[in-house]
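Right, one structure below, let's go through it.
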Amino acid sequence: MPSYSLIAPAKINLYLEILGDRSDGYHELAMILQSIGLADQINVRSISTDSIVVHCNHPQVPTDQSNLGYRAAELMVRQFPKAFAKYGGVEITLNKQIPVAAGLAGGSTNAAAVLVGIDLLWKLGLTQSELEELGGTLGSDVPFCVGGGTAIATGRGEQLSPLPSLDSIYIVLAKYRSLEVSTAWAYKTYRQQFGNSDLRDSDNLAARASAVHSGAIVKAILDKDPGEIAQKLHNDLERVVLPAYPQVLQLQEVFANQEGVLGTMMSGSGPTVFALFESQQQAEEVKLQVREAIIDEDLELFVTRTITHGIQVVSSV
Ligand code: C5P
């Protein structure tokens, strides 16, 4: 049976501003999302039964309908019943490298890879924007994960404006294995503590969403200036996550004290903290220094870099 093997990169947020509450329970956002080299490998294969089967190497990742990749396959079955009848069921194998519940869009990028893989398996010929639209019904970060690179994301996070690619800014990611933050909890807590009524004024909202396009961090990205980008990192969710999770704050403090760190911030709803570097060597050195400064086997550290793409097909059989 035909199969496709795909690379599904993680993302970090270089910027996350909460513009206000929405009546659907979500939040209106202005973000800058960046794909990184840390990635899962996904295999998508047609099978002769008419079922969806998910396998995963990570014990914490569910393989039932609560898995976002599973839900992506269900969505394709619902949207394209004729293709499903013609090609049969789908077996999805997730080889996870991206930490789970980490603020790195691990689940979202798996869902994006399943959409791309089934589009190929079933020879649907969907465009990137059609895949993004389907992805938006699964989760706010899924559309970005399809094409990846560097982009401004507004609305729930699903409205994308690409930015010129930022290649090879080096990154150290730090995450405590046993520490997970629920994205829903982070936004709900933010709403309780800092919620506002800005959204009732839609003109004001539109102006604030478009302000990010001319903001200082976008200028730094256009200038391809890693030092300046690192100075302009911003994440409103730190206001609720850092007080609740002191270890996340401690990671930032340890990074901030190391030589060569251009800037450090929590990604998305956390708890992953990242630091930016000009060179791979500096990133590798700081990884070792953080390992020495925090003696804790629960702490995972990764060296990676910014990349210019989202889902990529690596082989087909
Ligand atoms: O869209 P997604 O399912 O990935 O979002 C996970 C949770 O994060 C949502 O259930 C919601 O609580 C919160 N969220 C939000 N506003 C957004 C995106 C996510 O409140 N723009």
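Convention: chains lettered A, B, ... in structure tokens order; per-chain residue numbering from 1; ligands numbered from 1 as shown.
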Who sits within 7 Å of A:Ala174, only C-alpha atoms, same chain under 5 positions skipped, as a PyMOL selection string: chain A and resi 272-274+299-302
Surroundings of ligand 1 up to 8 Å, based on only C-alpha atoms and all ligand atoms, as a PyMOL selection string: chain A and resi 21+25-29+108+136+138-142+155-157+182-188
Residue selection dump (N, CA, C and O atoms) as a JSON list (two decimals), in the first residue's frame:
[["chain", "number", "residue", "atom", "x", "y", "z"],
["A", 21, "ASP", "N", -10.51, 39.56, 24.47],
["A", 21, "ASP", "CA", -11.35, 38.35, 24.55],
["A", 21, "ASP", "C", -12.27, 38.30, 23.35],
["A", 21, "ASP", "O", -12.65, 39.32, 22.81],
["A", 25, "GLY", "N", -14.99, 32.43, 23.17],
["A", 25, "GLY", "CA", -14.15, 31.84, 24.23],
["A", 25, "GLY", "C", -12.67, 31.91, 23.89],
["A", 25, "GLY", "O", -11.82, 31.75, 24.77],
["A", 26, "TYR", "N", -12.35, 32.17, 22.62],
["A", 26, "TYR", "CA", -10.94, 32.29, 22.22],
["A", 26, "TYR", "C", -10.46, 33.73, 22.48],
["A", 26, "TYR", "O", -11.22, 34.57, 22.96],
["A", 27, "HIS", "N", -9.21, 33.97, 22.13],
["A", 27, "HIS", "CA", -8.63, 35.31, 22.29],
["A", 27, "HIS", "C", -8.13, 35.80, 20.95],
["A", 27, "HIS", "O", -7.63, 35.02, 20.15],
["A", 28, "GLU", "N", -8.30, 37.09, 20.75],
["A", 28, "GLU", "CA", -7.81, 37.71, 19.53],
["A", 28, "GLU", "C", -6.32, 37.97, 19.75],
["A", 28, "GLU", "O", -5.93, 38.58, 20.76],
["A", 29, "LEU", "N", -5.49, 37.50, 18.82],
["A", 29, "LEU", "CA", -4.05, 37.52, 19.03],
["A", 29, "LEU", "C", -3.30, 38.27, 17.92],
["A", 29, "LEU", "O", -3.81, 38.38, 16.80],
["A", 108, "SER", "N", -0.21, 20.23, 16.83],
["A", 108, "SER", "CA", -0.69, 20.95, 15.64],
["A", 108, "SER", "C", 0.12, 20.58, 14.40],
["A", 108, "SER", "O", -0.42, 20.42, 13.31],
["A", 136, "GLY", "N", -7.38, 25.03, 10.14],
["A", 136, "GLY", "CA", -7.96, 26.00, 11.08],
["A", 136, "GLY", "C", -9.14, 25.44, 11.85],
["A", 136, "GLY", "O", -9.43, 25.90, 12.95],
["A", 138, "LEU", "N", -9.17, 22.49, 13.04],
["A", 138, "LEU", "CA", -8.62, 21.55, 14.03],
["A", 138, "LEU", "C", -7.95, 22.26, 15.20],
["A", 138, "LEU", "O", -7.98, 21.76, 16.33],
["A", 139, "GLY", "N", -7.33, 23.39, 14.93],
["A", 139, "GLY", "CA", -6.62, 24.12, 16.00],
["A", 139, "GLY", "C", -6.02, 25.39, 15.44],
["A", 139, "GLY", "O", -5.73, 25.47, 14.23],
["A", 140, "SER", "N", -5.80, 26.35, 16.32],
["A", 140, "SER", "CA", -5.38, 27.69, 15.88],
["A", 140, "SER", "C", -3.99, 27.71, 15.24],
["A", 140, "SER", "O", -3.71, 28.55, 14.39],
["A", 141, "ASP", "N", -3.09, 26.80, 15.67],
["A", 141, "ASP", "CA", -1.72, 26.81, 15.15],
["A", 141, "ASP", "C", -1.53, 25.89, 13.93],
["A", 141, "ASP", "O", -0.47, 25.89, 13.32],
["A", 142, "VAL", "N", -2.56, 25.09, 13.60],
["A", 142, "VAL", "CA", -2.39, 24.11, 12.51],
["A", 142, "VAL", "C", -2.14, 24.80, 11.16],
["A", 142, "VAL", "O", -1.24, 24.38, 10.43],
["A", 155, "GLY", "N", -6.09, 37.07, 14.37],
["A", 155, "GLY", "CA", -7.33, 36.34, 14.62],
["A", 155, "GLY", "C", -7.10, 35.40, 15.80],
["A", 155, "GLY", "O", -6.49, 35.77, 16.80],
["A", 156, "ARG", "N", -7.56, 34.15, 15.65],
["A", 156, "ARG", "CA", -7.26, 33.13, 16.67],
["A", 156, "ARG", "C", -5.82, 32.67, 16.57],
["A", 156, "ARG", "O", -5.34, 31.90, 17.40],
["A", 157, "GLY", "N", -5.16, 33.07, 15.47],
["A", 157, "GLY", "CA", -3.81, 32.59, 15.17],
["A", 157, "GLY", "C", -3.81, 31.96, 13.78],
["A", 157, "GLY", "O", -2.77, 31.56, 13.27],
["A", 182, "SER", "N", -1.31, 23.50, 30.27],
["A", 182, "SER", "CA", -2.45, 23.44, 29.36],
["A", 182, "SER", "C", -2.66, 24.82, 28.74],
["A", 182, "SER", "O", -2.76, 25.82, 29.46],
["A", 183, "THR", "N", -2.73, 24.84, 27.42],
["A", 183, "THR", "CA", -2.94, 26.12, 26.72],
["A", 183, "THR", "C", -4.28, 26.73, 27.15],
["A", 183, "THR", "O", -4.37, 27.94, 27.38],
["A", 184, "ALA", "N", -5.31, 25.89, 27.26],
["A", 184, "ALA", "CA", -6.63, 26.39, 27.66],
["A", 184, "ALA", "C", -6.55, 27.04, 29.05],
["A", 184, "ALA", "O", -7.11, 28.11, 29.27],
["A", 185, "TRP", "N", -5.80, 26.40, 29.96],
["A", 185, "TRP", "CA", -5.64, 26.97, 31.31],
["A", 185, "TRP", "C", -4.96, 28.34, 31.23],
["A", 185, "TRP", "O", -5.39, 29.31, 31.89],
["A", 186, "ALA", "N", -3.91, 28.44, 30.43],
["A", 186, "ALA", "CA", -3.14, 29.69, 30.36],
["A", 186, "ALA", "C", -4.03, 30.84, 29.87],
["A", 186, "ALA", "O", -4.05, 31.93, 30.46],
["A", 187, "TYR", "N", -4.79, 30.58, 28.80],
["A", 187, "TYR", "CA", -5.65, 31.66, 28.26],
["A", 187, "TYR", "C", -6.79, 31.99, 29.23],
["A", 187, "TYR", "O", -7.15, 33.15, 29.40],
["A", 188, "LYS", "N", -7.36, 30.94, 29.85],
["A", 188, "LYS", "CA", -8.47, 31.17, 30.77],
["A", 188, "LYS", "C", -8.00, 32.01, 31.96],
["A", 188, "LYS", "O", -8.67, 32.97, 32.38]]
Long-range neighbours of A:Val313 as a VMD selection string, 9 Å cut-off, only C-alpha atoms, 3 positions minimum in chain: chain A and resid 4 to 7 113 116 to 117 316
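Shell of A:His213 at 12 Å, with only C-alpha atoms counted and residues fewer than 4 places along the chain excluded, is Tyr15, Ala30, Met31, Ile32, Ala151, Ile152, Ala153, Thr154, Leu160, Ser161, Pro162, Leu163, Ala206, Ala207, Arg208, Ala209, Ile217, Val218, Lys219, Ala220, Ile221 and Leu222 of chain A.
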Selection above as a file: N, CA, C and O atoms, as a tab-separated table (two decimals), in the first residue's frame:
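What landed in result12.tsv:
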chain	number	residue	atom	x	y	z
A	15	TYR	N	6.74	36.41	19.23
A	15	TYR	CA	5.89	37.48	19.74
A	15	TYR	C	4.50	36.91	19.96
A	15	TYR	O	4.00	36.14	19.12
A	30	ALA	N	-2.12	38.75	18.25
A	30	ALA	CA	-1.15	39.17	17.24
A	30	ALA	C	0.14	38.44	17.59
A	30	ALA	O	0.71	38.67	18.66
A	31	MET	N	0.55	37.52	16.70
A	31	MET	CA	1.72	36.69	17.02
A	31	MET	C	2.72	36.72	15.86
A	31	MET	O	2.35	37.00	14.72
A	32	ILE	N	3.96	36.38	16.20
A	32	ILE	CA	4.93	36.03	15.15
A	32	ILE	C	5.39	34.62	15.45
A	32	ILE	O	5.86	34.33	16.56
A	151	ALA	N	6.02	33.91	10.12
A	151	ALA	CA	4.76	34.55	9.72
A	151	ALA	C	4.14	35.33	10.88
A	151	ALA	O	4.32	34.98	12.05
A	152	ILE	N	3.40	36.36	10.50
A	152	ILE	CA	2.52	37.05	11.45
A	152	ILE	C	1.21	36.27	11.47
A	152	ILE	O	0.70	35.88	10.41
A	153	ALA	N	0.68	36.00	12.65
A	153	ALA	CA	-0.60	35.29	12.76
A	153	ALA	C	-1.53	36.15	13.60
A	153	ALA	O	-1.18	36.55	14.71
A	154	THR	N	-2.71	36.43	13.06
A	154	THR	CA	-3.71	37.22	13.80
A	154	THR	C	-5.00	36.42	13.89
A	154	THR	O	-5.03	35.24	13.54
A	160	LEU	N	-2.83	34.26	8.46
A	160	LEU	CA	-1.37	34.30	8.32
A	160	LEU	C	-0.91	35.32	7.30
A	160	LEU	O	-1.53	35.46	6.23
A	161	SER	N	0.16	36.04	7.62
A	161	SER	CA	0.86	36.88	6.63
A	161	SER	C	2.32	36.48	6.68
A	161	SER	O	2.99	36.69	7.71
A	162	PRO	N	2.83	35.89	5.59
A	162	PRO	CA	4.22	35.43	5.64
A	162	PRO	C	5.21	36.59	5.78
A	162	PRO	O	4.95	37.68	5.28
A	163	LEU	N	6.31	36.33	6.44
A	163	LEU	CA	7.42	37.29	6.53
A	163	LEU	C	8.62	36.66	5.84
A	163	LEU	O	8.67	35.44	5.68
A	206	ALA	N	-8.87	46.10	14.91
A	206	ALA	CA	-8.22	45.98	13.60
A	206	ALA	C	-6.93	46.79	13.58
A	206	ALA	O	-5.90	46.35	13.06
A	207	ALA	N	-7.00	47.99	14.19
A	207	ALA	CA	-5.81	48.85	14.22
A	207	ALA	C	-4.70	48.18	15.01
A	207	ALA	O	-3.53	48.19	14.61
A	208	ARG	N	-5.05	47.56	16.14
A	208	ARG	CA	-4.02	46.92	16.96
A	208	ARG	C	-3.46	45.68	16.27
A	208	ARG	O	-2.26	45.39	16.37
A	209	ALA	N	-4.32	44.94	15.56
A	209	ALA	CA	-3.82	43.75	14.84
A	209	ALA	C	-2.87	44.19	13.73
A	209	ALA	O	-1.84	43.55	13.51
A	217	ILE	N	9.54	44.47	16.12
A	217	ILE	CA	10.10	43.13	15.89
A	217	ILE	C	10.02	42.75	14.41
A	217	ILE	O	10.92	42.11	13.87
A	218	VAL	N	8.95	43.21	13.74
A	218	VAL	CA	8.85	42.92	12.29
A	218	VAL	C	9.98	43.65	11.56
A	218	VAL	O	10.62	43.10	10.66
A	219	LYS	N	10.25	44.88	11.98
A	219	LYS	CA	11.36	45.63	11.36
A	219	LYS	C	12.67	44.86	11.56
A	219	LYS	O	13.46	44.70	10.62
A	220	ALA	N	12.87	44.35	12.76
A	220	ALA	CA	14.11	43.60	13.05
A	220	ALA	C	14.19	42.34	12.19
A	220	ALA	O	15.27	41.95	11.72
A	221	ILE	N	13.02	41.69	11.94
A	221	ILE	CA	13.00	40.49	11.09
A	221	ILE	C	13.33	40.89	9.65
A	221	ILE	O	14.12	40.22	8.97
A	222	LEU	N	12.73	41.99	9.19
A	222	LEU	CA	13.00	42.45	7.81
A	222	LEU	C	14.49	42.80	7.66
A	222	LEU	O	15.09	42.57	6.61
Contacts of stretch 63-72 of chain A at 9 Å (only C-alpha atoms; same-chain gap of 4+ positions) as a ChimeraX atom specification: /A:52-56,76-77,92,94,107-115,134-135,138-139
In stretch 44-239 of chain A, DSSP strand (DSSP E or B) residues written as a ChimeraX atom specification: /A:44-47,52-56,89-95,150-155,159-162,170-176,234-235
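Atom CA of A:Ala102 sits 22.4 Å away from atom CA of A:Gln159.
Computed from the coordinates, the atom CA of A:Ile118 to atom CA of A:Ile42 distance equals 11.6 Å.
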Separation of atom CA of A:Val240 from atom CA of A:Ala101, in Å and rounded to one decimal: 16.3 Å
Who sits within 12 Å of A:Leu166, only C-alpha atoms, same chain under 6 positions skipped, as an MDAnalysis selection string: chainID A and resid 14 32:36 148:151 218 220:226 229 305:309
Keeping only N, CA and C atoms, take the residues you just selected and write them out as a tab-separated table (two decimals), in the first residue's frame.
chain	number	residue	atom	x	y	z
A	14	LEU	N	7.92	34.17	18.51
A	14	LEU	CA	8.84	35.28	18.77
A	14	LEU	C	8.07	36.43	19.42
A	32	ILE	N	3.96	36.38	16.20
A	32	ILE	CA	4.93	36.03	15.15
A	32	ILE	C	5.39	34.62	15.45
A	33	LEU	N	5.17	33.74	14.47
A	33	LEU	CA	5.48	32.32	14.64
A	33	LEU	C	6.69	31.97	13.78
A	34	GLN	N	7.51	31.08	14.31
A	34	GLN	CA	8.76	30.72	13.64
A	34	GLN	C	8.97	29.21	13.69
A	35	SER	N	9.12	28.58	12.52
A	35	SER	CA	9.43	27.14	12.48
A	35	SER	C	10.86	26.90	12.94
A	36	ILE	N	11.06	25.75	13.60
A	36	ILE	CA	12.41	25.39	14.06
A	36	ILE	C	12.76	23.96	13.62
A	148	GLY	N	4.69	26.83	7.43
A	148	GLY	CA	5.80	27.15	8.32
A	148	GLY	C	6.59	28.37	7.90
A	149	GLY	N	7.87	28.40	8.27
A	149	GLY	CA	8.73	29.55	8.00
A	149	GLY	C	8.59	30.58	9.10
A	150	THR	N	8.40	31.84	8.68
A	150	THR	CA	8.22	32.95	9.62
A	150	THR	C	6.94	33.66	9.20
A	151	ALA	N	6.02	33.91	10.12
A	151	ALA	CA	4.76	34.55	9.72
A	151	ALA	C	4.14	35.33	10.88
A	218	VAL	N	8.95	43.21	13.74
A	218	VAL	CA	8.85	42.92	12.29
A	218	VAL	C	9.98	43.65	11.56
A	220	ALA	N	12.87	44.35	12.76
A	220	ALA	CA	14.11	43.60	13.05
A	220	ALA	C	14.19	42.34	12.19
A	221	ILE	N	13.02	41.69	11.94
A	221	ILE	CA	13.00	40.49	11.09
A	221	ILE	C	13.33	40.89	9.65
A	222	LEU	N	12.73	41.99	9.19
A	222	LEU	CA	13.00	42.45	7.81
A	222	LEU	C	14.49	42.80	7.66
A	223	ASP	N	15.07	43.34	8.73
A	223	ASP	CA	16.51	43.69	8.72
A	223	ASP	C	17.40	42.46	8.94
A	224	LYS	N	16.79	41.31	9.21
A	224	LYS	CA	17.52	40.06	9.53
A	224	LYS	C	18.56	40.32	10.62
A	225	ASP	N	18.11	40.95	11.71
A	225	ASP	CA	19.01	41.35	12.78
A	225	ASP	C	18.70	40.53	14.05
A	226	PRO	N	19.40	39.40	14.26
A	226	PRO	CA	19.05	38.51	15.38
A	226	PRO	C	19.11	39.21	16.74
A	229	ILE	N	16.00	41.31	17.06
A	229	ILE	CA	14.82	40.43	17.23
A	229	ILE	C	14.76	39.97	18.69
A	305	ARG	N	17.62	25.33	15.34
A	305	ARG	CA	17.76	26.65	14.68
A	305	ARG	C	16.47	26.98	13.95
A	306	THR	N	16.36	28.23	13.56
A	306	THR	CA	15.19	28.63	12.78
A	306	THR	C	15.30	27.99	11.40
A	307	ILE	N	14.16	27.60	10.84
A	307	ILE	CA	14.15	27.03	9.48
A	307	ILE	C	13.08	27.75	8.65
A	308	THR	N	13.06	27.45	7.37
A	308	THR	CA	12.25	28.27	6.45
A	308	THR	C	11.05	27.50	5.89
A	309	HIS	N	10.73	26.36	6.47
A	309	HIS	CA	9.63	25.57	5.89
A	309	HIS	C	8.77	24.93	6.98
For A:Gly103, find every residue with an atom within 9 Å (counting only C-alpha atoms), except residues of its own chain fewer than 6 positions away, and show them as a tab-separated table (two decimals) with N, CA, C and O atoms, in the first residue's frame.
chain	number	residue	atom	x	y	z
A	11	LYS	N	7.30	24.82	16.33
A	11	LYS	CA	7.41	26.28	16.18
A	11	LYS	C	7.73	26.91	17.54
A	11	LYS	O	7.47	26.30	18.59
A	12	ILE	N	8.29	28.10	17.48
A	12	ILE	CA	8.33	28.95	18.68
A	12	ILE	C	7.59	30.24	18.35
A	12	ILE	O	7.41	30.58	17.17
A	13	ASN	N	7.15	30.93	19.38
A	13	ASN	CA	6.59	32.27	19.21
A	13	ASN	C	7.69	33.27	19.47
A	13	ASN	O	8.31	33.24	20.53
A	180	GLU	N	4.01	20.23	32.36
A	180	GLU	CA	3.18	20.50	31.18
A	180	GLU	C	2.24	21.65	31.53
A	180	GLU	O	1.77	21.72	32.66
A	181	VAL	N	2.00	22.53	30.57
A	181	VAL	CA	1.04	23.62	30.80
A	181	VAL	C	-0.08	23.48	29.78
A	181	VAL	O	0.18	23.33	28.59
A	182	SER	N	-1.31	23.50	30.27
A	182	SER	CA	-2.45	23.44	29.36
A	182	SER	C	-2.66	24.82	28.74
A	182	SER	O	-2.76	25.82	29.46
A	183	THR	N	-2.73	24.84	27.42
A	183	THR	CA	-2.94	26.12	26.72
A	183	THR	C	-4.28	26.73	27.15
A	183	THR	O	-4.37	27.94	27.38
A	266	MET	N	9.64	32.54	27.00
A	266	MET	CA	8.81	31.33	26.98
A	266	MET	C	8.11	31.27	25.62
A	266	MET	O	7.67	32.28	25.09
A	267	SER	N	7.99	30.05	25.07
A	267	SER	CA	7.27	29.89	23.80
A	267	SER	C	5.80	29.59	24.05
A	267	SER	O	5.47	28.73	24.88
A	268	GLY	N	4.91	30.26	23.34
A	268	GLY	CA	3.47	30.00	23.42
A	268	GLY	C	2.98	30.03	24.86
A	268	GLY	O	3.33	30.92	25.63
A	269	SER	N	2.21	28.99	25.22
A	269	SER	CA	1.70	28.93	26.59
A	269	SER	C	2.68	28.19	27.51
A	269	SER	O	2.35	27.85	28.64
A	270	GLY	N	3.90	27.94	27.00
A	270	GLY	CA	4.94	27.30	27.81
A	270	GLY	C	4.68	25.82	27.99
A	270	GLY	O	3.75	25.27	27.39
A	271	PRO	N	5.49	25.18	28.83
A	271	PRO	CA	6.52	25.78	29.67
A	271	PRO	C	7.91	25.83	29.03
A	271	PRO	O	8.88	26.13	29.72
A	272	THR	N	8.04	25.55	27.72
A	272	THR	CA	9.38	25.60	27.11
A	272	THR	C	9.91	27.03	27.10
A	272	THR	O	9.19	27.96	26.73
